[in-house]
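To be precise, the following lines are structure.cif, and they hold mmCIF, C-alpha atoms.
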```cif
data_final
loop_
_atom_site.label_atom_id
_atom_site.label_comp_id
_atom_site.auth_asym_id
_atom_site.auth_seq_id
_atom_site.Cartn_x
_atom_site.Cartn_y
_atom_site.Cartn_z
CA MET J 25 -3.55 -9.49 -40.48
CA ARG J 26 -3.69 -11.44 -37.29
CA VAL J 27 -1.89 -10.43 -34.09
CA ARG J 28 -1.91 -11.74 -30.55
CA LEU J 29 -3.49 -8.93 -28.48
CA ASN J 30 -3.59 -9.39 -24.70
CA GLY J 31 -3.51 -13.13 -25.18
CA SER J 32 -6.25 -13.35 -27.85
CA ASP J 33 -5.84 -13.80 -31.60
CA THR J 34 -7.20 -10.60 -33.11
CA GLU J 35 -7.86 -9.63 -36.73
CA LEU J 36 -6.69 -6.09 -37.52
CA ASP J 37 -6.37 -3.87 -40.58
CA ASP J 38 -2.90 -3.74 -42.08
CA ASP J 39 -0.67 -0.96 -40.73
CA THR J 40 -2.67 -0.59 -37.50
CA THR J 41 -0.58 1.53 -35.09
CA LEU J 42 -0.05 0.93 -31.40
CA ASP J 43 -1.78 4.24 -30.80
CA ALA J 44 -4.91 2.88 -32.49
CA ILE J 45 -4.71 -0.27 -30.39
CA VAL J 46 -4.59 1.72 -27.15
CA ARG J 47 -7.55 3.82 -28.30
CA ARG J 48 -9.60 0.65 -28.90
CA TYR J 49 -9.81 0.25 -25.13
CA GLY J 50 -11.30 3.72 -24.71
CA GLN J 51 -9.54 4.46 -21.43
CA GLY J 52 -7.17 7.17 -22.57
CA ASP J 53 -3.45 6.64 -22.27
CA ARG J 54 -2.83 7.61 -18.65
CA GLY J 55 -1.41 4.72 -16.64
CA ILE J 56 -1.11 2.52 -19.73
CA ALA J 57 1.99 0.68 -20.92
CA VAL J 58 2.51 -1.31 -24.10
CA ALA J 59 4.83 -4.23 -24.75
CA LEU J 60 5.46 -5.40 -28.32
CA ASN J 61 7.06 -8.82 -28.71
CA GLY J 62 8.45 -8.63 -25.18
CA GLU J 63 9.88 -5.10 -25.39
CA VAL J 64 8.55 -1.88 -23.91
CA VAL J 65 7.38 0.68 -26.46
CA GLY J 66 7.34 4.22 -25.04
CA ARG J 67 4.18 6.24 -25.61
CA SER J 68 6.04 8.77 -27.76
CA ARG J 69 6.44 5.99 -30.34
CA TRP J 70 2.92 4.55 -30.29
CA ASN J 71 1.93 6.63 -33.29
CA ASP J 72 4.88 5.49 -35.38
CA VAL J 73 4.91 1.77 -34.66
CA LYS J 74 2.79 -0.26 -37.07
CA LEU J 75 1.91 -3.84 -36.29
CA THR J 76 2.75 -6.73 -38.54
CA GLU J 77 1.37 -10.25 -38.85
CA GLY J 78 2.06 -12.40 -35.80
CA ASP J 79 3.05 -9.58 -33.45
CA ARG J 80 2.45 -10.11 -29.74
CA VAL J 81 1.00 -7.00 -28.11
CA GLU J 82 0.29 -6.50 -24.43
CA VAL J 83 -1.70 -3.43 -23.32
CA LEU J 84 -1.41 -3.07 -19.56
CA GLY J 85 -2.91 -0.84 -16.89
CA ALA J 86 -3.12 -0.53 -13.12
CA ILE J 87 -5.12 -2.87 -10.96
CA GLY J 88 -5.34 -3.09 -7.21
CA GLY J 89 -2.27 -5.04 -6.23
CA GLY J 90 0.13 -5.74 -3.49
CA GLU J 91 -0.37 -9.41 -3.43
CA GLN J 92 -1.35 -12.24 -5.70
CA GLU J 93 -4.45 -14.28 -5.29
CA MET J 94 -3.89 -17.62 -3.62
CA GLU J 95 -5.82 -20.04 -5.76
CA GLN J 96 -6.24 -22.69 -3.19
CA TRP J 97 -6.33 -22.17 0.55
CA THR J 98 -5.30 -24.73 3.08
CA THR J 99 -6.29 -23.78 6.58
CA LEU J 100 -3.66 -24.53 9.16
CA SER J 101 -4.51 -27.31 11.54
CA TYR J 102 -1.71 -26.67 14.00
CA MET Q 14 5.27 13.46 16.60
CA ASP Q 15 7.99 14.30 14.09
CA ASP Q 16 9.50 10.95 13.20
CA PRO Q 17 9.46 10.64 9.44
CA LEU Q 18 10.44 7.63 7.36
CA VAL Q 19 13.11 8.58 4.83
CA LEU Q 20 13.00 6.23 1.89
CA GLY Q 21 14.75 6.64 -1.45
CA GLY Q 22 15.44 10.27 -0.59
CA GLU Q 23 11.75 11.02 0.07
CA THR Q 24 10.15 11.72 3.42
CA PHE Q 25 6.98 10.03 4.64
CA ASN Q 26 5.10 10.83 7.83
CA SER Q 27 3.27 7.51 7.77
CA ARG Q 28 5.18 4.28 8.28
CA LEU Q 29 2.30 2.19 7.01
CA LEU Q 30 2.20 1.28 3.32
CA LEU Q 31 -0.87 -0.33 1.85
CA GLY Q 32 -1.27 -2.90 -0.89
CA THR Q 33 -4.49 -2.40 -2.79
CA GLY Q 34 -5.16 -6.01 -3.85
CA GLY Q 35 -7.89 -8.24 -2.53
CA ALA Q 36 -10.57 -5.63 -1.86
CA SER Q 37 -14.19 -6.28 -2.76
CA SER Q 38 -14.65 -2.89 -4.42
CA ILE Q 39 -12.85 0.31 -5.32
CA GLU Q 40 -14.89 2.06 -2.60
CA ALA Q 41 -13.56 -0.37 0.00
CA ILE Q 42 -9.99 0.36 -1.10
CA GLU Q 43 -10.61 4.09 -0.90
CA SER Q 44 -12.08 4.11 2.60
CA ALA Q 45 -9.33 1.79 3.84
CA LEU Q 46 -6.60 3.96 2.33
CA VAL Q 47 -8.00 7.07 3.96
CA ALA Q 48 -8.38 5.39 7.36
CA SER Q 49 -4.86 3.94 7.19
CA GLY Q 50 -3.21 7.32 6.74
CA ALA Q 51 -0.84 5.63 4.26
CA GLU Q 52 1.11 7.93 1.97
CA MET Q 53 2.18 5.21 -0.44
CA ALA Q 54 0.26 2.28 -1.93
CA THR Q 55 1.18 -0.51 -4.30
CA VAL Q 56 -0.53 -1.28 -7.59
CA ALA Q 57 0.04 -4.05 -10.11
CA LEU Q 58 0.15 -4.02 -13.92
CA ARG Q 59 -2.27 -6.32 -15.69
CA ARG Q 60 -3.92 -6.58 -19.10
CA ILE Q 61 -6.56 -3.90 -19.33
CA SER Q 62 -10.08 -4.95 -20.15
CA PRO Q 63 -12.53 -2.86 -22.17
CA ASP Q 64 -15.08 -2.88 -19.34
CA ALA Q 65 -12.76 -1.69 -16.57
CA ARG Q 66 -14.46 0.73 -14.18
CA GLY Q 67 -13.21 3.11 -11.49
CA SER Q 68 -9.44 3.15 -11.54
CA VAL Q 69 -7.30 2.70 -8.47
CA LEU Q 70 -5.14 5.46 -10.00
CA ASP Q 71 -7.98 7.96 -9.54
CA VAL Q 72 -8.30 7.00 -5.88
CA LEU Q 73 -4.60 7.48 -5.22
CA GLU Q 74 -4.54 10.80 -7.05
CA ARG Q 75 -7.62 12.05 -5.20
CA HIS Q 76 -5.93 11.54 -1.84
CA GLY Q 77 -2.38 12.48 -2.82
CA ILE Q 78 -1.09 8.96 -2.16
CA ARG Q 79 2.13 8.04 -3.89
CA LEU Q 80 1.84 5.09 -6.25
CA LEU Q 81 4.34 2.25 -5.89
CA PRO Q 82 4.13 -0.19 -8.79
CA ASN Q 83 5.04 -3.80 -8.10
CA THR Q 84 6.16 -6.75 -10.17
CA ALA Q 85 3.60 -9.12 -8.66
CA GLY Q 86 3.33 -12.40 -10.48
CA CYS Q 87 6.85 -12.43 -11.93
CA PHE Q 88 8.82 -15.66 -11.57
CA THR Q 89 12.06 -14.66 -13.33
CA ALA Q 90 14.43 -11.71 -13.24
CA ARG Q 91 13.72 -11.17 -16.94
CA ASP Q 92 9.96 -10.80 -16.39
CA ALA Q 93 10.43 -8.60 -13.34
CA VAL Q 94 12.81 -6.24 -15.16
CA LEU Q 95 10.45 -5.98 -18.13
CA THR Q 96 7.49 -5.38 -15.81
CA ALA Q 97 9.41 -2.65 -13.97
CA ARG Q 98 10.19 -0.94 -17.29
CA LEU Q 99 6.53 -1.14 -18.27
CA ALA Q 100 5.51 0.29 -14.91
CA ARG Q 101 7.95 3.16 -15.36
CA GLU Q 102 6.38 3.89 -18.71
CA ALA Q 103 2.81 3.60 -17.44
CA PHE Q 104 3.12 5.52 -14.19
CA GLU Q 105 6.12 7.78 -14.78
CA THR Q 106 7.92 6.65 -11.65
CA ASP Q 107 11.35 5.08 -11.16
CA TRP Q 108 10.18 3.42 -7.96
CA ILE Q 109 9.45 -0.27 -8.04
CA LYS Q 110 8.49 -2.84 -5.45
CA LEU Q 111 10.43 -5.81 -6.77
CA GLU Q 112 8.81 -9.20 -6.36
CA VAL Q 113 10.24 -12.32 -7.95
CA ILE Q 114 8.34 -15.35 -6.79
CA GLY Q 115 9.87 -18.82 -6.62
CA ASN Q 116 6.90 -20.97 -5.71
CA ASP Q 117 3.28 -20.51 -6.69
CA ARG Q 118 1.80 -22.10 -3.57
CA THR Q 119 3.78 -20.18 -0.97
CA LEU Q 120 4.68 -17.14 -3.11
CA ILE Q 121 8.07 -17.23 -1.40
CA PRO Q 122 10.67 -15.09 -3.24
CA ASP Q 123 13.40 -16.64 -5.39
CA GLY Q 124 16.68 -15.30 -3.96
CA PRO Q 125 19.04 -15.65 -6.95
CA GLU Q 126 16.49 -14.23 -9.42
CA LEU Q 127 15.72 -11.42 -6.98
CA ILE Q 128 19.37 -10.36 -6.72
CA ASP Q 129 19.81 -10.57 -10.49
CA ALA Q 130 16.74 -8.38 -11.07
CA ALA Q 131 17.71 -5.92 -8.33
CA GLU Q 132 21.18 -5.40 -9.83
CA GLN Q 133 19.76 -4.80 -13.31
CA LEU Q 134 17.10 -2.37 -12.09
CA VAL Q 135 19.52 -0.39 -9.90
CA ASP Q 136 21.80 -0.13 -12.96
CA GLU Q 137 18.86 1.24 -14.93
CA GLY Q 138 18.25 3.94 -12.34
CA PHE Q 139 15.28 2.46 -10.51
CA THR Q 140 14.64 3.01 -6.82
CA VAL Q 141 14.21 -0.62 -5.83
CA LEU Q 142 12.26 -1.80 -2.80
CA ALA Q 143 12.84 -5.53 -2.69
CA TYR Q 144 10.32 -8.00 -1.29
CA THR Q 145 12.32 -10.88 0.17
CA THR Q 146 12.35 -13.76 2.59
CA ASP Q 147 13.35 -13.26 6.22
CA ASP Q 148 16.89 -14.48 5.45
CA PRO Q 149 19.43 -12.00 6.92
CA VAL Q 150 22.11 -13.01 4.40
CA LEU Q 151 19.84 -12.41 1.43
CA ALA Q 152 18.73 -9.10 2.95
CA ALA Q 153 22.36 -7.99 3.17
CA ARG Q 154 22.95 -9.05 -0.43
CA LEU Q 155 20.00 -6.97 -1.59
CA GLU Q 156 21.29 -3.96 0.28
CA SER Q 157 24.71 -4.45 -1.36
CA ALA Q 158 22.99 -4.65 -4.73
CA GLY Q 159 21.80 -1.09 -4.16
CA CYS Q 160 18.21 -1.58 -3.04
CA SER Q 161 16.73 1.47 -1.33
CA ALA Q 162 14.70 -0.66 1.06
CA VAL Q 163 14.60 -4.33 1.96
CA MET Q 164 11.17 -5.77 2.63
CA PRO Q 165 11.26 -9.14 4.37
CA LEU Q 166 8.14 -11.22 4.82
CA GLY Q 167 6.75 -12.06 8.24
CA SER Q 168 5.05 -15.12 6.72
CA PRO Q 169 3.69 -15.92 3.24
CA ILE Q 170 1.60 -13.34 1.39
CA GLY Q 171 -2.02 -13.39 2.44
CA SER Q 172 -1.46 -16.11 5.04
CA GLY Q 173 -2.14 -13.89 8.04
CA MET Q 174 0.27 -15.95 10.14
CA GLY Q 175 2.09 -12.85 11.39
CA ILE Q 176 5.81 -12.87 12.10
CA LEU Q 177 7.02 -16.47 12.16
CA ASN Q 178 10.69 -15.71 12.83
CA PRO Q 179 11.14 -12.59 14.96
CA TYR Q 180 14.76 -13.60 15.56
CA ASN Q 181 15.66 -13.39 11.85
CA LEU Q 182 13.83 -10.11 11.57
CA ALA Q 183 15.80 -8.66 14.49
CA LEU Q 184 19.05 -9.76 12.79
CA ILE Q 185 17.99 -8.13 9.52
CA VAL Q 186 17.17 -4.88 11.32
CA GLU Q 187 20.40 -4.94 13.33
CA GLN Q 188 22.68 -5.12 10.29
CA ALA Q 189 20.74 -2.88 7.90
CA SER Q 190 21.60 0.63 6.83
CA VAL Q 191 18.60 1.00 4.51
CA PRO Q 192 14.99 1.00 5.73
CA ILE Q 193 13.54 -2.41 6.57
CA ILE Q 194 9.84 -2.71 5.83
CA LEU Q 195 7.97 -5.76 7.01
CA ASP Q 196 6.01 -6.91 3.98
CA ALA Q 197 3.53 -9.78 3.95
CA GLY Q 198 2.00 -12.07 6.50
CA ILE Q 199 0.39 -9.53 8.79
CA GLY Q 200 -2.90 -10.88 10.12
CA THR Q 201 -4.00 -8.36 12.67
CA ALA Q 202 -2.90 -5.19 14.47
CA SER Q 203 -0.63 -6.88 17.04
CA ASP Q 204 1.48 -8.33 14.20
CA ALA Q 205 2.09 -4.83 12.82
CA ALA Q 206 2.98 -3.55 16.29
CA LEU Q 207 5.44 -6.43 16.78
CA ALA Q 208 7.15 -5.63 13.46
CA MET Q 209 7.76 -2.08 14.63
CA GLU Q 210 8.82 -3.22 18.12
CA LEU Q 211 11.42 -5.44 16.45
CA GLY Q 212 12.83 -2.32 14.83
CA CYS Q 213 11.33 -2.34 11.37
CA ASP Q 214 11.07 1.10 9.80
CA GLY Q 215 7.66 0.46 8.31
CA VAL Q 216 5.00 -2.12 7.49
CA LEU Q 217 3.42 -2.95 4.15
CA LEU Q 218 0.20 -4.92 4.29
CA ALA Q 219 -2.81 -5.64 2.10
CA SER Q 220 -4.95 -8.69 2.78
CA SER Q 221 -5.27 -8.14 6.51
CA VAL Q 222 -7.08 -4.90 5.71
CA THR Q 223 -8.72 -5.51 2.34
CA ARG Q 224 -10.11 -8.90 3.36
CA ALA Q 225 -11.11 -7.91 6.89
CA ARG Q 226 -14.84 -7.83 7.57
CA GLU Q 227 -14.51 -4.07 8.08
CA PRO Q 228 -11.53 -2.93 5.98
CA ALA Q 229 -11.60 0.74 7.02
CA VAL Q 230 -11.78 -0.12 10.73
CA MET Q 231 -8.89 -2.57 10.40
CA ALA Q 232 -6.93 0.07 8.46
CA ASP Q 233 -7.39 2.47 11.37
CA ALA Q 234 -6.25 -0.27 13.78
CA MET Q 235 -3.14 -0.89 11.66
CA ARG Q 236 -2.30 2.81 11.61
CA ARG Q 237 -2.44 2.95 15.41
CA ALA Q 238 -0.54 -0.34 15.79
CA VAL Q 239 2.33 0.90 13.63
CA GLU Q 240 2.49 4.13 15.63
CA ALA Q 241 2.31 2.28 18.95
CA GLY Q 242 4.99 -0.20 17.96
CA ARG Q 243 7.27 2.59 16.78
CA LEU Q 244 6.83 4.45 20.06
CA ALA Q 245 7.45 1.30 22.10
CA ARG Q 246 10.63 0.56 20.16
CA GLY Q 247 11.92 4.05 20.84
CA ALA Q 248 10.88 3.93 24.48
CA GLY Q 249 12.96 0.80 25.17
CA ARG Q 250 11.08 -2.19 26.47
CA ILE Q 251 12.01 -3.95 29.69
CA PRO Q 252 13.79 -7.29 29.35
CA LYS Q 253 11.78 -10.48 29.70
CA ARG Q 254 12.52 -12.29 32.98
CA LEU Q 255 11.71 -15.75 34.23
CA HIS Q 256 10.61 -14.51 37.65
CA ALA Q 257 8.67 -11.55 38.99
CA GLU Q 258 10.39 -8.25 39.62
CA PRO Q 259 8.34 -6.27 42.16
CA SER Q 260 7.72 -2.69 41.20
CA THR Q 261 7.33 -1.81 44.89
CA THR Q 262 10.29 -2.58 47.14
CA PHE Q 263 9.87 -4.93 50.15
CA GLU Q 264 11.98 -2.53 52.24
CA GLY Q 265 9.88 -0.68 54.79
CA ALA Q 266 7.05 -3.18 54.62
CA PRO Q 267 5.30 -3.35 58.03
CA ASP Q 268 5.50 -6.49 60.19
CA LEU Q 269 1.80 -7.19 60.56
#
```

Serialized structure, structure tokens:
Amino acid sequence: MRVRLNGSDTELDDDTTLDAIVRRYGQGDRGIAVALNGEVVGRSRWNDVKLTEGDRVEVLGAIGGGEQEMEQWTTLSY
Amino acid sequence: MDDPLVLGGETFNSRLLLGTGGASSIEAIESALVASGAEMATVALRRISPDARGSVLDVLERHGIRLLPNTAGCFTARDAVLTARLAREAFETDWIKLEVIGNDRTLIPDGPELIDAAEQLVDEGFTVLAYTTDDPVLAARLESAGCSAVMPLGSPIGSGMGILNPYNLALIVEQASVPIILDAGIGTASDAALAMELGCDGVLLASSVTRAREPAVMADAMRRAVEAGRLARGAGRIPKRLHAEPSTTFEGAPDL
């Protein structure tokens, strides 16, 4: 089956669980959150939730933040 | 000096909060955090990549710095609320720095979306620290919505232009009964001192430290500036006058 995983089309075995998805990244589960089709799935349910064709999965973690990057800078001339 | 910041029922000895974005390396973030003396730092949620190295979470944990997740990059109340829920799940904290951006060139907050998101998150039990414009009316609305702190910008994120409207900031401080934390726009230490002199309860900054040539040295400067500005505010500055006011009286001056 094909799912959308962190923005990329990804081929997975049928009945792949969210838990298995998180383990693919090899960074443990601390500081990780999962959204399935725009809803939060708590870690206590990762083992029970099986993906189906066309699901959208986002696996998120912490990055340095506190601001966004400005893509284009215009230096003030006044 | 025993002058703690009480925020969301917690007590902080440092009034400087650090954003961790924009640094060249995790080591640079770490040395800046230590030099700043900050007890709370913001992190963002993004897609994890398989080759991620050295987590900012480890750095915060190592130094006992409280993590404050943000909703950076959200343009709607819906996205911000979902991001806050994800952050709660990821980091096991009800605290959220709420950002809802209305314009991708200036990163200026979207007032109506911000209030909508703040109300929803307060309802869901979050401790909401709201990043906002320097509009005193919007600041009051956010306080009414139940935000635990209101965080007006001095100028746009990362612009380094300092505090463009000290008058608005003074109005926001004057009317507030929750902590006011100047967030965004700080360029250098004098900007942070001015924020505190205007009566802000704290300062949150990122770029001015992380993008400085020497981040740890600038972090140290910011720590001292926040302390100095706080002291000056408490000490009561003299009024500005058009003409000189001699500190030594003319009375008793000799006729030479």

Using all atoms listed in the file, which residues of chain Q come within 6 Å of chain J, and what is the closest atom pair for each, with the distance in Å to one decimal? Give it as JSON lines, sorted by chain and residue number.
```
{"residue": "Q:Gly32", "atom": "CA", "partner": "J:Gly90", "partner_atom": "CA", "distance": 4.1}
{"residue": "Q:Thr33", "atom": "CA", "partner": "J:Gly88", "partner_atom": "CA", "distance": 4.6}
{"residue": "Q:Gly34", "atom": "CA", "partner": "J:Gly89", "partner_atom": "CA", "distance": 3.9}
{"residue": "Q:Thr55", "atom": "CA", "partner": "J:Gly90", "partner_atom": "CA", "distance": 5.4}
{"residue": "Q:Val56", "atom": "CA", "partner": "J:Gly89", "partner_atom": "CA", "distance": 4.4}
{"residue": "Q:Ala57", "atom": "CA", "partner": "J:Gly89", "partner_atom": "CA", "distance": 4.6}
{"residue": "Q:Leu58", "atom": "CA", "partner": "J:Ala86", "partner_atom": "CA", "distance": 4.8}
{"residue": "Q:Arg59", "atom": "CA", "partner": "J:Leu84", "partner_atom": "CA", "distance": 5.1}
{"residue": "Q:Arg60", "atom": "CA", "partner": "J:Leu84", "partner_atom": "CA", "distance": 4.3}
{"residue": "Q:Ile61", "atom": "CA", "partner": "J:Leu84", "partner_atom": "CA", "distance": 5.2}
{"residue": "Q:Pro63", "atom": "CA", "partner": "J:Tyr49", "partner_atom": "CA", "distance": 5.1}
{"residue": "Q:Leu99", "atom": "CA", "partner": "J:Ala57", "partner_atom": "CA", "distance": 5.6}
{"residue": "Q:Glu102", "atom": "CA", "partner": "J:Ala57", "partner_atom": "CA", "distance": 5.9}
{"residue": "Q:Ala103", "atom": "CA", "partner": "J:Gly55", "partner_atom": "CA", "distance": 4.4}
{"residue": "Q:Phe104", "atom": "CA", "partner": "J:Gly55", "partner_atom": "CA", "distance": 5.2}
```

Selection result of the PyMOL selection byres ((chain Q and resi 247) around 12) on this file, as number ranges by chain: Q: 16, 209-214, 240-246, 248-251

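With CA of Asn61 in chain J on one side and CA of Val81 in chain J on the other, the separation reads 6.4 Å.
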
Neighbour list for Lys74 in chain J as a PyMOL selection string, cut-off 12 Å, only C-alpha atoms, skip fewer than 6 positions in-chain: chain J and resi 25+27+36-45+60+65+81

Output C-alpha atoms of each residue in that selection to a file, as a PDB file, keeping the file's coordinate frame.
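Generated output (out-v1.pdb):
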```pdb
ATOM      1  CA  MET J  25      -3.550  -9.490 -40.480  1.00  0.00           C
ATOM      2  CA  VAL J  27      -1.890 -10.430 -34.090  1.00  0.00           C
ATOM      3  CA  LEU J  36      -6.690  -6.090 -37.520  1.00  0.00           C
ATOM      4  CA  ASP J  37      -6.370  -3.870 -40.580  1.00  0.00           C
ATOM      5  CA  ASP J  38      -2.900  -3.740 -42.080  1.00  0.00           C
ATOM      6  CA  ASP J  39      -0.670  -0.960 -40.730  1.00  0.00           C
ATOM      7  CA  THR J  40      -2.670  -0.590 -37.500  1.00  0.00           C
ATOM      8  CA  THR J  41      -0.580   1.530 -35.090  1.00  0.00           C
ATOM      9  CA  LEU J  42      -0.050   0.930 -31.400  1.00  0.00           C
ATOM     10  CA  ASP J  43      -1.780   4.240 -30.800  1.00  0.00           C
ATOM     11  CA  ALA J  44      -4.910   2.880 -32.490  1.00  0.00           C
ATOM     12  CA  ILE J  45      -4.710  -0.270 -30.390  1.00  0.00           C
ATOM     13  CA  LEU J  60       5.460  -5.400 -28.320  1.00  0.00           C
ATOM     14  CA  VAL J  65       7.380   0.680 -26.460  1.00  0.00           C
ATOM     15  CA  VAL J  81       1.000  -7.000 -28.110  1.00  0.00           C
TER      16      VAL J  81
END
```

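One finds CA of Asp233 in chain Q at 12.9 Å from CA of Ile42 in chain Q.
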
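Atom pair CA of Arg69 in chain J / CA of Leu95 in chain Q has a distance of 17.6 Å (rounded to one decimal).
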
For Thr146 in chain Q, find every residue with an atom within 7 Å (counting all atoms listed in the file), except residues of its own chain fewer than 4 positions away, and show them as a ChimeraX atom specification. /Q:121-122,165-166

Counting only C-alpha atoms, what is within 12 Å of Glu43 in chain Q, bar same-chain residues fewer than 5 positions away, as a ChimeraX atom specification? /J:88 /Q:31-34,36-38,48-51,54,67-78,222-223,228-229,232

Mind telling me what the PyMOL selection byres ((chain Q and resi 131) around 8) catches here, as a list in words? Leu111, Leu127, Ile128, Asp129, Ala130, Glu132, Gln133, Leu134, Val135, Val141, Ala143, Leu155, Ala158, Gly159 and Cys160 of chain Q

Residue contacts of Gln188 in chain Q (12 Å, only C-alpha atoms) excluding same-chain residues fewer than 4 positions away, as a PyMOL selection string: chain Q and resi 149-154+156-157+163+181-184+192-193+212-213

Could you give me, as a PyMOL selection string, the residues within 6 Å of range 21-30 of chain Q, counting all atoms listed in the file and dropping anything in the same chain fewer than 4 positions from it? chain Q and resi 17+51+53-54+161+215-217

Mind filling out range 89-102 of chain Q with N, CA, C and O atoms and sending it as a PDB file, keeping the file's coordinate frame?
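And here's result-v1.pdb as it stands now:
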```pdb
ATOM      1  N   THR Q  89      10.669 -14.722 -12.873  1.00  0.00           N
ATOM      2  CA  THR Q  89      12.060 -14.660 -13.330  1.00  0.00           C
ATOM      3  C   THR Q  89      12.527 -13.210 -13.286  1.00  0.00           C
ATOM      4  O   THR Q  89      11.727 -12.273 -13.345  1.00  0.00           O
ATOM      5  N   ALA Q  90      13.857 -13.052 -13.207  1.00  0.00           N
ATOM      6  CA  ALA Q  90      14.430 -11.710 -13.240  1.00  0.00           C
ATOM      7  C   ALA Q  90      14.047 -11.012 -14.542  1.00  0.00           C
ATOM      8  O   ALA Q  90      13.711  -9.830 -14.553  1.00  0.00           O
ATOM      9  N   ARG Q  91      14.057 -11.755 -15.642  1.00  0.00           N
ATOM     10  CA  ARG Q  91      13.720 -11.170 -16.940  1.00  0.00           C
ATOM     11  C   ARG Q  91      12.311 -10.547 -16.918  1.00  0.00           C
ATOM     12  O   ARG Q  91      12.115  -9.407 -17.337  1.00  0.00           O
ATOM     13  N   ASP Q  92      11.335 -11.320 -16.428  1.00  0.00           N
ATOM     14  CA  ASP Q  92       9.960 -10.800 -16.390  1.00  0.00           C
ATOM     15  C   ASP Q  92       9.833  -9.617 -15.443  1.00  0.00           C
ATOM     16  O   ASP Q  92       9.103  -8.661 -15.716  1.00  0.00           O
ATOM     17  N   ALA Q  93      10.529  -9.684 -14.322  1.00  0.00           N
ATOM     18  CA  ALA Q  93      10.430  -8.600 -13.340  1.00  0.00           C
ATOM     19  C   ALA Q  93      11.035  -7.315 -13.899  1.00  0.00           C
ATOM     20  O   ALA Q  93      10.482  -6.225 -13.716  1.00  0.00           O
ATOM     21  N   VAL Q  94      12.166  -7.433 -14.588  1.00  0.00           N
ATOM     22  CA  VAL Q  94      12.810  -6.240 -15.160  1.00  0.00           C
ATOM     23  C   VAL Q  94      11.910  -5.631 -16.238  1.00  0.00           C
ATOM     24  O   VAL Q  94      11.704  -4.411 -16.273  1.00  0.00           O
ATOM     25  N   LEU Q  95      11.342  -6.487 -17.081  1.00  0.00           N
ATOM     26  CA  LEU Q  95      10.450  -5.980 -18.130  1.00  0.00           C
ATOM     27  C   LEU Q  95       9.211  -5.321 -17.509  1.00  0.00           C
ATOM     28  O   LEU Q  95       8.772  -4.245 -17.942  1.00  0.00           O
ATOM     29  N   THR Q  96       8.667  -5.945 -16.472  1.00  0.00           N
ATOM     30  CA  THR Q  96       7.490  -5.380 -15.810  1.00  0.00           C
ATOM     31  C   THR Q  96       7.813  -4.028 -15.174  1.00  0.00           C
ATOM     32  O   THR Q  96       7.016  -3.086 -15.236  1.00  0.00           O
ATOM     33  N   ALA Q  97       9.005  -3.926 -14.580  1.00  0.00           N
ATOM     34  CA  ALA Q  97       9.410  -2.650 -13.970  1.00  0.00           C
ATOM     35  C   ALA Q  97       9.533  -1.561 -15.045  1.00  0.00           C
ATOM     36  O   ALA Q  97       9.106  -0.419 -14.830  1.00  0.00           O
ATOM     37  N   ARG Q  98      10.081  -1.924 -16.194  1.00  0.00           N
ATOM     38  CA  ARG Q  98      10.190  -0.940 -17.290  1.00  0.00           C
ATOM     39  C   ARG Q  98       8.807  -0.503 -17.767  1.00  0.00           C
ATOM     40  O   ARG Q  98       8.579   0.664 -18.064  1.00  0.00           O
ATOM     41  N   LEU Q  99       7.899  -1.470 -17.857  1.00  0.00           N
ATOM     42  CA  LEU Q  99       6.530  -1.140 -18.270  1.00  0.00           C
ATOM     43  C   LEU Q  99       5.868  -0.232 -17.248  1.00  0.00           C
ATOM     44  O   LEU Q  99       5.154   0.717 -17.593  1.00  0.00           O
ATOM     45  N   ALA Q 100       6.100  -0.529 -15.971  1.00  0.00           N
ATOM     46  CA  ALA Q 100       5.510   0.290 -14.910  1.00  0.00           C
ATOM     47  C   ALA Q 100       6.063   1.713 -14.964  1.00  0.00           C
ATOM     48  O   ALA Q 100       5.332   2.688 -14.759  1.00  0.00           O
ATOM     49  N   ARG Q 101       7.341   1.828 -15.256  1.00  0.00           N
ATOM     50  CA  ARG Q 101       7.950   3.160 -15.360  1.00  0.00           C
ATOM     51  C   ARG Q 101       7.291   3.954 -16.481  1.00  0.00           C
ATOM     52  O   ARG Q 101       7.022   5.134 -16.347  1.00  0.00           O
ATOM     53  N   GLU Q 102       7.034   3.244 -17.570  1.00  0.00           N
ATOM     54  CA  GLU Q 102       6.380   3.890 -18.710  1.00  0.00           C
ATOM     55  C   GLU Q 102       4.941   4.270 -18.381  1.00  0.00           C
ATOM     56  O   GLU Q 102       4.478   5.375 -18.691  1.00  0.00           O
TER      57      GLU Q 102
END
```
